[in-house]
Structures are given as structure tokens and as C-alpha cells.
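Colleague: One file: target-v5.txt (compact mmCIF, C-alpha atoms).
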```
# COMPACT_ATOMS: atom_id res chain seq x y z
CA MET A 1 93.74 224.11 83.25
CA SER A 2 97.20 223.69 84.82
CA ARG A 3 98.56 220.23 85.45
CA ARG A 4 98.94 219.26 89.07
CA ARG A 5 102.49 218.30 90.00
CA LYS A 6 103.04 214.82 91.32
CA GLY A 7 104.74 214.55 94.68
CA ARG A 8 104.88 216.64 97.82
CA ASP A 9 106.41 220.03 98.52
CA VAL A 10 109.95 219.30 99.72
CA ASN A 11 112.45 222.14 100.16
CA GLY A 12 116.15 222.07 100.96
CA ILE A 13 119.46 220.52 99.95
CA LEU A 14 120.57 216.92 100.43
CA VAL A 15 124.24 216.09 99.87
CA ILE A 16 124.78 212.58 98.52
CA ASP A 17 127.97 210.51 98.37
CA LYS A 18 127.51 209.33 94.80
CA PRO A 19 128.61 205.71 94.24
CA GLN A 20 130.56 204.54 91.22
CA GLY A 21 128.82 203.12 88.16
CA VAL A 22 125.62 205.18 88.20
CA THR A 23 124.77 208.52 86.63
CA SER A 24 124.09 211.65 88.65
CA ASN A 25 120.59 211.81 87.18
CA GLY A 26 119.99 208.20 88.16
CA ILE A 27 120.85 209.05 91.77
CA LEU A 28 118.66 212.16 91.61
CA GLN A 29 115.63 210.21 90.42
CA GLN A 30 116.20 207.52 93.06
CA VAL A 31 116.40 210.04 95.92
CA LYS A 32 113.52 212.09 94.53
CA ARG A 33 111.33 208.95 94.72
CA LEU A 34 112.46 208.24 98.29
CA TYR A 35 111.35 211.73 99.29
CA GLY A 36 108.23 211.69 97.12
CA ALA A 37 109.33 215.16 96.03
CA ALA A 38 107.56 217.17 93.35
CA LYS A 39 110.63 219.09 92.21
CA ALA A 40 114.34 218.28 92.38
CA GLY A 41 117.59 218.81 90.50
CA HIS A 42 121.34 218.30 90.89
CA THR A 43 124.09 220.90 90.71
CA GLY A 44 126.48 219.50 88.12
CA ALA A 45 126.81 215.92 86.93
CA LEU A 46 129.56 213.53 87.94
CA ASP A 47 130.63 210.87 85.43
CA PRO A 48 129.48 207.31 86.21
CA LEU A 49 133.13 206.49 87.07
CA ALA A 50 133.28 209.28 89.64
CA THR A 51 132.15 209.18 93.26
CA GLY A 52 131.71 211.73 96.01
CA VAL A 53 129.95 214.99 96.82
CA LEU A 54 126.73 215.49 94.84
CA PRO A 55 124.38 218.17 96.23
CA LEU A 56 120.72 217.65 95.28
CA CYS A 57 118.27 220.55 95.42
CA PHE A 58 114.59 220.21 96.26
CA GLY A 59 111.78 222.72 95.76
CA GLU A 60 112.80 226.28 96.62
CA ALA A 61 116.48 225.29 96.74
CA THR A 62 116.44 224.69 92.97
CA LYS A 63 116.32 228.48 92.55
CA PHE A 64 119.96 228.57 93.62
CA SER A 65 121.27 225.57 91.67
CA GLN A 66 123.09 227.75 89.11
CA MET A 67 125.03 229.52 91.86
CA MET A 68 125.98 226.13 93.27
CA LEU A 69 126.96 224.91 89.82
CA ASP A 70 129.26 227.94 89.48
CA SER A 71 131.07 227.21 92.76
CA ASP A 72 134.61 225.88 93.16
CA LYS A 73 135.19 222.12 93.37
CA ALA A 74 137.81 219.74 94.80
CA TYR A 75 138.78 216.20 93.76
CA ILE A 76 141.15 213.32 94.39
CA ALA A 77 142.10 211.50 91.19
CA THR A 78 144.18 208.46 90.28
CA ALA A 79 146.01 208.68 86.96
CA ARG A 80 147.34 205.69 85.06
CA LEU A 81 150.44 206.69 83.14
CA GLY A 82 151.57 205.30 79.79
CA VAL A 83 148.08 204.68 78.43
CA ARG A 84 145.73 207.05 76.60
CA THR A 85 142.08 206.17 76.10
CA GLU A 86 139.29 207.55 73.91
CA THR A 87 137.43 209.03 76.84
CA GLY A 88 140.34 210.06 79.05
CA ASP A 89 139.27 207.53 81.68
CA SER A 90 139.28 203.77 82.18
CA GLU A 91 135.86 203.35 80.55
CA GLY A 92 137.23 204.18 77.11
CA ALA A 93 139.11 202.04 74.59
CA VAL A 94 142.90 202.26 74.63
CA VAL A 95 144.21 204.39 71.75
CA GLU A 96 147.93 204.59 72.58
CA GLU A 97 150.51 203.08 74.92
CA LYS A 98 153.97 204.47 75.66
CA PRO A 99 156.70 203.63 78.17
CA VAL A 100 156.54 205.51 81.45
CA PRO A 101 159.65 207.49 82.45
CA SER A 102 161.68 205.38 84.85
CA ASP A 103 162.81 208.27 87.06
CA LEU A 104 159.41 209.46 88.31
CA THR A 105 159.60 210.72 91.87
CA ALA A 106 157.89 213.48 93.81
CA GLU A 107 160.90 215.68 93.04
CA THR A 108 160.91 215.07 89.28
CA LEU A 109 157.11 215.41 89.04
CA GLU A 110 156.93 218.76 90.85
CA PRO A 111 158.11 220.92 87.90
CA VAL A 112 155.55 219.21 85.65
CA LEU A 113 152.67 219.77 88.06
CA GLU A 114 153.72 223.39 88.53
CA GLN A 115 152.87 224.02 84.86
CA PHE A 116 149.21 223.37 85.61
CA ARG A 117 148.77 225.48 88.73
CA GLY A 118 147.07 228.86 88.62
CA ASP A 119 145.29 230.25 85.59
CA ILE A 120 145.52 227.86 82.64
CA GLN A 121 143.81 227.21 79.31
CA GLN A 122 142.07 223.85 78.99
CA VAL A 123 140.51 222.12 75.99
CA PRO A 124 137.37 220.21 77.11
CA SER A 125 137.20 216.48 76.43
CA MET A 126 135.11 215.28 73.48
CA TYR A 127 133.42 213.01 76.02
CA SER A 128 132.27 215.90 78.23
CA ALA A 129 128.67 217.08 78.64
CA LEU A 130 129.57 220.49 77.22
CA LYS A 131 127.08 221.30 74.48
CA HIS A 132 127.69 222.12 70.82
CA LYS A 133 124.66 223.23 68.78
CA GLY A 134 122.37 221.95 71.51
CA ARG A 135 123.92 218.48 71.79
CA PRO A 136 126.43 217.19 74.36
CA LEU A 137 129.92 216.64 72.97
CA TYR A 138 129.87 212.99 74.03
CA GLU A 139 127.05 212.32 71.56
CA TYR A 140 129.25 213.56 68.70
CA ALA A 141 132.17 211.52 70.04
CA ARG A 142 130.11 208.32 70.08
CA GLU A 143 129.26 208.96 66.41
CA GLY A 144 132.94 209.38 65.58
CA ILE A 145 132.58 213.12 64.96
CA GLU A 146 135.34 215.42 66.20
CA VAL A 147 134.15 218.92 67.10
CA GLU A 148 136.58 221.82 67.34
CA ARG A 149 136.73 222.95 70.95
CA PRO A 150 138.36 226.24 71.86
CA ALA A 151 140.49 226.28 74.98
CA ARG A 152 138.75 227.78 78.00
CA PRO A 153 140.28 229.59 80.99
CA VAL A 154 140.14 227.73 84.31
CA THR A 155 142.02 228.15 87.57
CA ILE A 156 143.75 225.36 89.47
CA PHE A 157 144.03 226.60 93.05
CA GLU A 158 145.73 223.45 94.31
CA LEU A 159 147.43 220.56 92.57
CA THR A 160 149.13 218.28 95.07
CA LEU A 161 150.86 214.96 94.48
CA LEU A 162 149.57 212.51 97.08
CA ASP A 163 151.36 209.37 95.92
CA VAL A 164 153.45 207.99 93.08
CA ARG A 165 153.86 204.26 92.49
CA ASP A 166 154.37 201.89 89.56
CA GLY A 167 152.83 203.78 86.67
CA GLU A 168 150.23 205.59 88.78
CA LEU A 169 149.77 208.97 90.44
CA ASP A 170 147.29 210.16 93.06
CA ILE A 171 146.62 213.90 92.96
CA ALA A 172 144.43 216.34 94.89
CA VAL A 173 142.90 219.14 92.83
CA SER A 174 141.04 222.28 93.89
CA CYS A 175 139.69 224.27 90.95
CA THR A 176 137.11 226.60 89.47
CA LYS A 177 133.92 225.51 87.75
CA GLY A 178 134.30 224.06 84.27
CA THR A 179 137.57 222.28 85.01
CA TYR A 180 137.73 218.79 83.50
CA ILE A 181 139.91 216.51 85.61
CA ARG A 182 140.18 214.01 82.75
CA SER A 183 141.61 216.73 80.52
CA LEU A 184 143.98 217.83 83.29
CA VAL A 185 145.26 214.27 83.71
CA GLU A 186 145.64 213.84 79.96
CA ASP A 187 147.61 217.10 79.78
CA ILE A 188 149.88 215.99 82.64
CA GLY A 189 150.48 212.71 80.81
CA GLU A 190 151.30 214.64 77.64
CA ALA A 191 153.78 216.81 79.55
CA LEU A 192 155.43 213.64 80.87
CA GLY A 193 155.66 212.30 77.33
CA CYS A 194 153.81 209.06 78.05
CA GLY A 195 150.11 209.92 78.14
CA ALA A 196 147.67 209.18 80.98
CA HIS A 197 144.05 208.56 81.86
CA VAL A 198 141.87 208.67 84.97
CA THR A 199 141.16 205.37 86.71
CA ALA A 200 139.45 206.77 89.83
CA LEU A 201 137.89 210.13 90.63
CA ARG A 202 136.34 211.29 93.89
CA ARG A 203 134.82 214.73 94.37
CA THR A 204 135.66 215.88 97.87
CA MET A 205 134.05 219.34 97.84
CA ALA A 206 131.31 221.14 95.93
CA SER A 207 129.20 224.19 96.81
CA GLY A 208 131.01 224.40 100.15
CA PHE A 209 129.94 220.86 101.11
CA THR A 210 132.50 218.15 101.85
CA LEU A 211 132.40 214.36 102.22
CA ALA A 212 131.62 214.85 105.92
CA ASP A 213 128.26 216.36 104.87
CA THR A 214 127.21 213.48 102.61
CA ASN A 215 124.56 210.80 102.94
CA LYS A 216 124.59 207.36 101.30
CA VAL A 217 121.56 206.18 99.32
CA PRO A 218 121.41 202.73 101.02
CA ASP A 219 121.16 204.50 104.39
CA LEU A 220 118.25 206.58 103.09
CA GLU A 221 116.52 203.42 101.87
CA GLU A 222 116.95 201.77 105.26
CA LYS A 223 115.45 204.77 107.04
CA ARG A 224 112.46 204.70 104.70
CA GLU A 225 111.97 200.98 105.27
CA ARG A 226 111.87 201.65 109.02
CA GLY A 227 109.22 204.31 108.42
CA GLU A 228 111.51 207.18 109.43
CA SER A 229 111.28 210.62 107.85
CA LEU A 230 114.18 211.80 105.69
CA ASP A 231 113.29 215.49 105.94
CA GLY A 232 115.62 216.07 108.88
CA LEU A 233 118.60 215.37 106.63
CA LEU A 234 117.85 218.40 104.44
CA VAL A 235 119.77 221.63 104.93
CA ALA A 236 118.46 225.10 104.11
CA PRO A 237 119.32 226.66 100.71
CA ASP A 238 121.53 229.36 102.22
CA ALA A 239 123.92 226.67 103.48
CA ALA A 240 125.29 226.55 99.92
CA LEU A 241 125.53 230.32 99.52
CA SER A 242 128.11 231.19 102.16
CA MET A 243 130.36 232.69 99.46
CA PHE A 244 128.01 235.68 99.36
CA PRO A 245 127.91 238.33 102.14
CA GLU A 246 124.74 238.68 104.18
CA VAL A 247 122.45 241.67 104.60
CA ALA A 248 119.62 241.92 107.14
CA LEU A 249 116.53 243.93 106.16
CA GLY A 250 113.51 244.98 108.18
CA GLY A 251 110.52 247.29 108.02
CA ALA A 252 109.62 248.92 104.70
CA SER A 253 112.81 247.73 102.99
CA LEU A 254 111.96 244.10 103.71
CA VAL A 255 108.37 244.57 102.51
CA SER A 256 109.56 246.15 99.27
CA ILE A 257 112.08 243.37 98.59
CA LEU A 258 109.45 240.70 99.24
CA ASN A 259 107.23 242.46 96.70
CA GLY A 260 110.03 242.24 94.13
CA GLN A 261 110.96 245.91 94.33
CA PRO A 262 114.55 247.23 94.56
CA VAL A 263 115.54 249.07 97.74
CA ARG A 264 118.38 251.37 98.73
CA ILE A 265 120.32 250.99 101.94
CA SER A 266 122.79 253.43 103.45
CA HIS A 267 124.80 250.83 105.37
CA GLN A 268 126.76 247.68 104.55
CA PRO A 269 128.17 248.77 101.16
CA GLN A 270 128.24 245.75 98.86
CA GLN A 271 128.61 244.86 95.21
CA GLY A 272 127.45 241.63 93.57
CA PHE A 273 125.19 238.95 95.05
CA VAL A 274 124.22 239.11 98.72
CA ARG A 275 122.18 236.84 100.97
CA LEU A 276 119.10 238.55 102.38
CA TYR A 277 117.68 237.86 105.84
CA ALA A 278 114.63 239.23 107.61
CA GLY A 279 115.67 241.23 110.65
CA ASN A 280 116.76 244.63 111.95
CA GLY A 281 120.50 244.20 112.37
CA GLU A 282 120.13 240.60 113.53
CA LYS A 283 120.14 237.68 111.14
CA GLY A 284 116.68 236.14 110.94
CA SER A 285 115.07 233.85 108.38
CA PHE A 286 116.59 233.55 104.91
CA VAL A 287 114.75 235.62 102.30
CA GLY A 288 116.78 234.96 99.16
CA LEU A 289 119.45 236.49 96.96
CA ALA A 290 119.71 240.06 95.75
CA GLU A 291 122.25 241.82 93.59
CA ALA A 292 123.91 244.88 95.08
CA PHE A 293 124.95 247.93 93.07
CA PRO A 294 126.82 250.98 94.42
CA ASP A 295 124.58 254.03 93.92
CA GLY A 296 126.35 257.13 95.16
CA GLU A 297 126.48 257.04 98.95
CA VAL A 298 123.98 254.18 99.16
CA THR A 299 123.71 250.63 97.87
CA LYS A 300 120.87 249.51 95.61
CA LEU A 301 119.58 245.98 96.22
CA VAL A 302 117.71 244.28 93.37
CA PRO A 303 115.93 241.02 94.29
CA ARG A 304 117.00 238.08 92.10
CA ARG A 305 115.92 234.83 93.80
CA LEU A 306 113.44 234.89 96.68
CA VAL A 307 112.10 231.95 98.67
CA LYS A 308 108.47 231.56 99.61
CA SER A 309 107.70 232.71 103.13
CA SER A 310 106.51 229.26 104.21
CA ASN A 311 109.92 227.78 103.28
CA ARG A 312 112.22 230.20 105.11
CA ARG A 313 114.55 228.84 107.77
```
Mind turning the file's structure into C-alpha cells?

Modeller:
Amino acid sequence: MSRRRKGRDVNGILVIDKPQGVTSNGILQQVKRLYGAAKAGHTGALDPLATGVLPLCFGEATKFSQMMLDSDKAYIATARLGVRTETGDSEGAVVEEKPVPSDLTAETLEPVLEQFRGDIQQVPSMYSALKHKGRPLYEYAREGIEVERPARPVTIFELTLLDVRDGELDIAVSCTKGTYIRSLVEDIGEALGCGAHVTALRRTMASGFTLADTNKVPDLEEKRERGESLDGLLVAPDAALSMFPEVALGGASLVSILNGQPVRISHQPQQGFVRLYAGNGEKGSFVGLAEAFPDGEVTKLVPRRLVKSSNRR
């Protein structure tokens, strides 16, 4: 006998402005309770120190959480120069202090920042959530165990100096998934010869959502206390999938896809993931994601993630 899930059927994405000092999972559980949702997940944890864009997925939207996790991100970070810490941020114990170069200006910093733009190799922090033998690295770090971590390729699309003042830098970073801003700041500090750590971090973009799309948890709580529904704040799953081209299907092709069967189309040549919509040439309700493969003069569409018909928007 299957266990009945607790909570109601809630579907969609809610973008939260995560506050400082709480975990991403803590925020997820808090919002999940406010919605009374049966199923929910987030799309990549922010450290307790960090604030900003945190998309939460409910119900059918959780089917696309991995695609959202794989999306590009953007941040604004404050770096304290001259001090290295265990964790690479202000929550860790100080392990080294060095004098800060006295001639730091936007002009002298530019050649250093240029080293970290584009495709780079980055060694993840020991205090990251990256797993080794099934355990997060930070668990090993807390036990005093150093794990060898191979450098990983990441891409820094944008690295802009926003401000430089007494021993501190503000930078804006746009990057691929898997980029650790703490490691980036530590590497910049190393290049300057004085070390550095993160004192503030704000995620400004994730999964195509920006701070303008966010909601604050206290506002959600106030709405609930007034007896107002929160469902109107949810956005449809395809709002986070705009990086994929769209394909409209109708007739027998749509029926086959909905039954989990691949179809071939002779128009709209594509390769890779595509968003599927019900319709004949016109975009209708969102159906899900398919993977497109060139097949001679046609394109083969293989369904990968489909939403239930009652949850299409």
C-alpha cells in the first residue's frame, strides 16, 4: 500500500530573495509549509552568508530543477583583502594576514582581474558542498581532513570592479554553473599577493530570474496571516527554460509525444533540448522538454520531461 503524501498539489516556481544567516534548505522548508505543498525543492544552495535569488520548485516544476541548476549565475561580492580564512569567507577562522598593496586602484587592479575572465580552471573550496565519496567536502573540512580536489573548468563571462576602498573590493561576476565565488576571491587575493576572503555575497541572477522577480519570506507570511492565497505568486515551469528553443506540436505528433513516444518533424530543425507546446504553429500550453536529434532531412524529438495535463499553463 503506497503512502499518501502530506500536503496539497502545488505546481510552479517561486523566486525567493534569500536572507543572510539561514540555509537554502531552511528557506525551502519554511516556504513549503506556507504553501502546504506536498513536493518542493531548490535549484542550488546558497551559503548561509549569501543572499539573493533562490528559485524554489514545486510539484511538476521539480522535473526541471536540474536544468535550472545547470544555468548561468550572476553575483555581487565584497572581498576583504589582506586576510585569508579557513572557509574563504568571514564565517571562518583567520589563517593568515598580509599587508595590502598600497597602490590599489581601478587601473592597477584591471590586469589582475583580466587573468580570471573567460575560461579558467578553478579548484573548489574544501568548504563547498561538492561531494567526495558521497559526503560533502565541508564535512571532511570540519574534521580537519584535506581532500585532493582537481581543478575544474568554469567560464567567467563578466568580472567587473564596482568599487575599491580601504582593503576592500566590490565585484560583479557572471559565470557558468559550478563557479565558486569564494575560490575566485581567494585566487584574486593570491594574485595580489595579500590573500582575500568574501565578506558579502549576493546572487543577482539564476535560471534567468533576477532580483526584480524575487519575493521576501516575511511578505509571504503576512499574506498568509491575512488569509490571502500565495498561488498567484508562482510562475510556470517554462519561465525558467527560456534558454531552450520552442517547438509547437499538434495532431498525431502531440498525441505520440504525450504517450512518451518519439516523433519526427520536417520543420524547425533543432539539436539539443527544446520546449514543447501544444498547438499547430501557434504556441499553446507548455507540454515539457524533449531532446532533438537531426535525422536526415527531419528532426527526431524524444520526450524527456513532460508535465501532467492538469498542470499545463

Colleague: How far is it from atom CA of A:Arg224 to atom CA of A:Ile13, in Å with one decimal?

Modeller: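 Those two atoms sit 17.9 Å apart.
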
Colleague: So what do you get for atom CA of A:Glu60 versus atom CA of A:Asn11, distance-wise?

Modeller: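 The value is 5.5 Å.
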
Colleague: From the options A:Leu137, A:Met243, A:Ala37, A:Val185, which residue's atoms come nearest to A:Arg84, counting all atoms listed in the file?

Modeller: A:Val185

Colleague: Env of stretch 68-74 of chain A: 8 Å cut, atoms = all atoms listed in the file, seq-sep filter 5 positions within chain, self excluded. Answer as an MDAnalysis selection string.

Modeller: chainID A and resid 43:44 172:177 203:208 240:241

Colleague: Set the distance at 10 Å and use only C-alpha atoms: which residues neighbour A:Leu14 once local chain neighbours fewer than 5 positions away are removed? I'd like the list as a PyMOL selection string.

Modeller: chain A and resi 31+42+54-58+213-215+230-237

Colleague: Which residues are near A:Pro19? Cut-off 10 Å, only C-alpha atoms, ignore same chain within fewer than 2 positions. Put them as a PDB file with C-alpha atoms, keeping the file's coordinate frame.

Modeller:
```pdb
ATOM      1  CA  ILE A  16     124.780 212.580  98.520  1.00  0.00           C
ATOM      2  CA  ASP A  17     127.970 210.510  98.370  1.00  0.00           C
ATOM      3  CA  GLY A  21     128.820 203.120  88.160  1.00  0.00           C
ATOM      4  CA  VAL A  22     125.620 205.180  88.200  1.00  0.00           C
ATOM      5  CA  THR A  23     124.770 208.520  86.630  1.00  0.00           C
ATOM      6  CA  SER A  24     124.090 211.650  88.650  1.00  0.00           C
ATOM      7  CA  ILE A  27     120.850 209.050  91.770  1.00  0.00           C
ATOM      8  CA  PRO A  48     129.480 207.310  86.210  1.00  0.00           C
ATOM      9  CA  LEU A  49     133.130 206.490  87.070  1.00  0.00           C
ATOM     10  CA  ALA A  50     133.280 209.280  89.640  1.00  0.00           C
ATOM     11  CA  THR A  51     132.150 209.180  93.260  1.00  0.00           C
ATOM     12  CA  GLY A  52     131.710 211.730  96.010  1.00  0.00           C
ATOM     13  CA  VAL A  53     129.950 214.990  96.820  1.00  0.00           C
ATOM     14  CA  LEU A  54     126.730 215.490  94.840  1.00  0.00           C
ATOM     15  CA  ARG A 202     136.340 211.290  93.890  1.00  0.00           C
ATOM     16  CA  LYS A 216     124.590 207.360 101.300  1.00  0.00           C
ATOM     17  CA  VAL A 217     121.560 206.180  99.320  1.00  0.00           C
TER      18      VAL A 217
END
```

Colleague: I need the residue nearest A:Asp187 from this list: A:Ala129, A:Glu146, A:Phe116, A:Glu246. Use all atoms listed in the file for the distance.

Modeller: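 Once distances to A:Asp187 are computed over all atoms listed in the file, the minimum belongs to A:Phe116.
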
Colleague: Scan for residues within 10 Å of the point (115.4, 205.9, 102.3) in the coordinates of the file, using all atoms listed in the file, and reply as a short mmCIF file (atom, residue, chain, number, x, y, z; two decimals) with C-alpha atoms, keeping the file's coordinate frame.

Modeller:
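The new file selection15.cif reads:
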```
data_model
loop_
_atom_site.label_atom_id
_atom_site.label_comp_id
_atom_site.auth_asym_id
_atom_site.auth_seq_id
_atom_site.Cartn_x
_atom_site.Cartn_y
_atom_site.Cartn_z
CA GLN A 30 116.20 207.52 93.06
CA VAL A 31 116.40 210.04 95.92
CA ARG A 33 111.33 208.95 94.72
CA LEU A 34 112.46 208.24 98.29
CA TYR A 35 111.35 211.73 99.29
CA LYS A 216 124.59 207.36 101.30
CA VAL A 217 121.56 206.18 99.32
CA PRO A 218 121.41 202.73 101.02
CA ASP A 219 121.16 204.50 104.39
CA LEU A 220 118.25 206.58 103.09
CA GLU A 221 116.52 203.42 101.87
CA GLU A 222 116.95 201.77 105.26
CA LYS A 223 115.45 204.77 107.04
CA ARG A 224 112.46 204.70 104.70
CA GLU A 225 111.97 200.98 105.27
CA ARG A 226 111.87 201.65 109.02
CA GLY A 227 109.22 204.31 108.42
CA GLU A 228 111.51 207.18 109.43
CA SER A 229 111.28 210.62 107.85
CA LEU A 230 114.18 211.80 105.69
#
```

Colleague: Export stretch 143-240 of chain A from the structure block above, keeping C-alpha atoms, as a PDB file, in the first residue's frame.

Modeller:
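This went into part-v2.pdb:
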```pdb
ATOM      1  CA  GLU A 143      37.038  17.022  10.640  1.00  0.00           C
ATOM      2  CA  GLY A 144      40.377  18.506   9.626  1.00  0.00           C
ATOM      3  CA  ILE A 145      40.703  16.230   6.586  1.00  0.00           C
ATOM      4  CA  GLU A 146      42.094  17.713   3.373  1.00  0.00           C
ATOM      5  CA  VAL A 147      40.785  16.046   0.213  1.00  0.00           C
ATOM      6  CA  GLU A 148      42.609  16.397  -3.095  1.00  0.00           C
ATOM      7  CA  ARG A 149      40.416  18.378  -5.453  1.00  0.00           C
ATOM      8  CA  PRO A 150      41.214  18.514  -9.149  1.00  0.00           C
ATOM      9  CA  ALA A 151      40.775  21.858 -10.859  1.00  0.00           C
ATOM     10  CA  ARG A 152      37.562  22.147 -12.857  1.00  0.00           C
ATOM     11  CA  PRO A 153      36.857  24.257 -15.952  1.00  0.00           C
ATOM     12  CA  VAL A 154      34.481  27.192 -15.461  1.00  0.00           C
ATOM     13  CA  THR A 155      33.786  30.304 -17.503  1.00  0.00           C
ATOM     14  CA  ILE A 156      33.703  33.841 -16.127  1.00  0.00           C
ATOM     15  CA  PHE A 157      31.633  35.841 -18.617  1.00  0.00           C
ATOM     16  CA  GLU A 158      31.923  39.090 -16.684  1.00  0.00           C
ATOM     17  CA  LEU A 159      34.201  40.237 -13.893  1.00  0.00           C
ATOM     18  CA  THR A 160      33.734  43.933 -13.186  1.00  0.00           C
ATOM     19  CA  LEU A 161      35.255  46.050 -10.444  1.00  0.00           C
ATOM     20  CA  LEU A 162      32.451  48.072  -8.864  1.00  0.00           C
ATOM     21  CA  ASP A 163      34.400  49.774  -6.081  1.00  0.00           C
ATOM     22  CA  VAL A 164      37.765  49.768  -4.349  1.00  0.00           C
ATOM     23  CA  ARG A 165      38.276  51.261  -0.896  1.00  0.00           C
ATOM     24  CA  ASP A 166      40.449  50.676   2.167  1.00  0.00           C
ATOM     25  CA  GLY A 167      41.286  46.995   1.909  1.00  0.00           C
ATOM     26  CA  GLU A 168      38.032  46.019   0.187  1.00  0.00           C
ATOM     27  CA  LEU A 169      36.772  45.352  -3.323  1.00  0.00           C
ATOM     28  CA  ASP A 170      33.247  45.060  -4.712  1.00  0.00           C
ATOM     29  CA  ILE A 171      32.997  42.945  -7.855  1.00  0.00           C
ATOM     30  CA  ALA A 172      30.207  41.820 -10.186  1.00  0.00           C
ATOM     31  CA  VAL A 173      30.547  38.297 -11.559  1.00  0.00           C
ATOM     32  CA  SER A 174      28.608  36.483 -14.283  1.00  0.00           C
ATOM     33  CA  CYS A 175      29.616  32.846 -14.653  1.00  0.00           C
ATOM     34  CA  THR A 176      28.754  29.277 -15.552  1.00  0.00           C
ATOM     35  CA  LYS A 177      27.422  26.686 -13.136  1.00  0.00           C
ATOM     36  CA  GLY A 178      29.912  25.250 -10.673  1.00  0.00           C
ATOM     37  CA  THR A 179      31.808  28.503 -10.176  1.00  0.00           C
ATOM     38  CA  TYR A 180      32.737  29.141  -6.540  1.00  0.00           C
ATOM     39  CA  ILE A 181      32.883  32.857  -5.821  1.00  0.00           C
ATOM     40  CA  ARG A 182      34.830  32.229  -2.612  1.00  0.00           C
ATOM     41  CA  SER A 183      37.507  30.417  -4.603  1.00  0.00           C
ATOM     42  CA  LEU A 184      37.538  33.203  -7.191  1.00  0.00           C
ATOM     43  CA  VAL A 185      38.047  35.829  -4.490  1.00  0.00           C
ATOM     44  CA  GLU A 186      40.764  33.757  -2.834  1.00  0.00           C
ATOM     45  CA  ASP A 187      42.535  33.398  -6.190  1.00  0.00           C
ATOM     46  CA  ILE A 188      42.316  37.158  -6.815  1.00  0.00           C
ATOM     47  CA  GLY A 189      43.797  37.752  -3.365  1.00  0.00           C
ATOM     48  CA  GLU A 190      46.592  35.299  -4.153  1.00  0.00           C
ATOM     49  CA  ALA A 191      47.320  37.107  -7.422  1.00  0.00           C
ATOM     50  CA  LEU A 192      47.544  40.383  -5.484  1.00  0.00           C
ATOM     51  CA  GLY A 193      49.963  38.761  -3.046  1.00  0.00           C
ATOM     52  CA  CYS A 194      47.937  39.544   0.060  1.00  0.00           C
ATOM     53  CA  GLY A 195      45.129  36.987   0.200  1.00  0.00           C
ATOM     54  CA  ALA A 196      41.390  37.723   0.454  1.00  0.00           C
ATOM     55  CA  HIS A 197      38.053  36.382   1.617  1.00  0.00           C
ATOM     56  CA  VAL A 198      34.379  37.078   0.941  1.00  0.00           C
ATOM     57  CA  THR A 199      32.534  39.255   3.448  1.00  0.00           C
ATOM     58  CA  ALA A 200      29.281  39.675   1.499  1.00  0.00           C
ATOM     59  CA  LEU A 201      27.747  37.778  -1.409  1.00  0.00           C
ATOM     60  CA  ARG A 202      24.504  38.487  -3.233  1.00  0.00           C
ATOM     61  CA  ARG A 203      23.217  36.374  -6.107  1.00  0.00           C
ATOM     62  CA  THR A 204      21.619  38.693  -8.624  1.00  0.00           C
ATOM     63  CA  MET A 205      20.595  36.174 -11.299  1.00  0.00           C
ATOM     64  CA  ALA A 206      19.875  32.448 -11.526  1.00  0.00           C
ATOM     65  CA  SER A 207      17.858  30.414 -14.042  1.00  0.00           C
ATOM     66  CA  GLY A 208      17.058  33.631 -15.900  1.00  0.00           C
ATOM     67  CA  PHE A 209      15.437  35.180 -12.801  1.00  0.00           C
ATOM     68  CA  THR A 210      16.747  38.420 -11.298  1.00  0.00           C
ATOM     69  CA  LEU A 211      16.240  40.270  -8.010  1.00  0.00           C
ATOM     70  CA  ALA A 212      13.250  42.031  -9.595  1.00  0.00           C
ATOM     71  CA  ASP A 213      11.482  38.641  -9.709  1.00  0.00           C
ATOM     72  CA  THR A 214      12.024  37.774  -6.041  1.00  0.00           C
ATOM     73  CA  ASN A 215       9.669  37.572  -3.084  1.00  0.00           C
ATOM     74  CA  LYS A 216      10.586  38.019   0.588  1.00  0.00           C
ATOM     75  CA  VAL A 217       9.541  35.391   3.133  1.00  0.00           C
ATOM     76  CA  PRO A 218       8.136  37.947   5.652  1.00  0.00           C
ATOM     77  CA  ASP A 219       5.834  39.254   2.895  1.00  0.00           C
ATOM     78  CA  LEU A 220       4.602  35.711   2.252  1.00  0.00           C
ATOM     79  CA  GLU A 221       3.929  35.245   5.964  1.00  0.00           C
ATOM     80  CA  GLU A 222       1.955  38.486   6.109  1.00  0.00           C
ATOM     81  CA  LYS A 223      -0.192  37.428   3.153  1.00  0.00           C
ATOM     82  CA  ARG A 224      -0.921  34.101   4.825  1.00  0.00           C
ATOM     83  CA  GLU A 225      -1.853  35.819   8.082  1.00  0.00           C
ATOM     84  CA  ARG A 226      -4.345  37.950   6.139  1.00  0.00           C
ATOM     85  CA  GLY A 227      -5.817  34.776   4.657  1.00  0.00           C
ATOM     86  CA  GLU A 228      -4.606  35.566   1.134  1.00  0.00           C
ATOM     87  CA  SER A 229      -3.569  32.863  -1.322  1.00  0.00           C
ATOM     88  CA  LEU A 230       0.094  32.665  -2.334  1.00  0.00           C
ATOM     89  CA  ASP A 231      -0.559  30.671  -5.502  1.00  0.00           C
ATOM     90  CA  GLY A 232      -0.691  33.775  -7.687  1.00  0.00           C
ATOM     91  CA  LEU A 233       2.990  34.394  -6.999  1.00  0.00           C
ATOM     92  CA  LEU A 234       4.008  31.152  -8.732  1.00  0.00           C
ATOM     93  CA  VAL A 235       5.311  31.215 -12.294  1.00  0.00           C
ATOM     94  CA  ALA A 236       5.038  28.350 -14.769  1.00  0.00           C
ATOM     95  CA  PRO A 237       7.989  25.932 -15.147  1.00  0.00           C
ATOM     96  CA  ASP A 238       8.804  27.075 -18.682  1.00  0.00           C
ATOM     97  CA  ALA A 239       9.646  30.548 -17.338  1.00  0.00           C
ATOM     98  CA  ALA A 240      12.998  29.067 -16.288  1.00  0.00           C
TER      99      ALA A 240
END
```
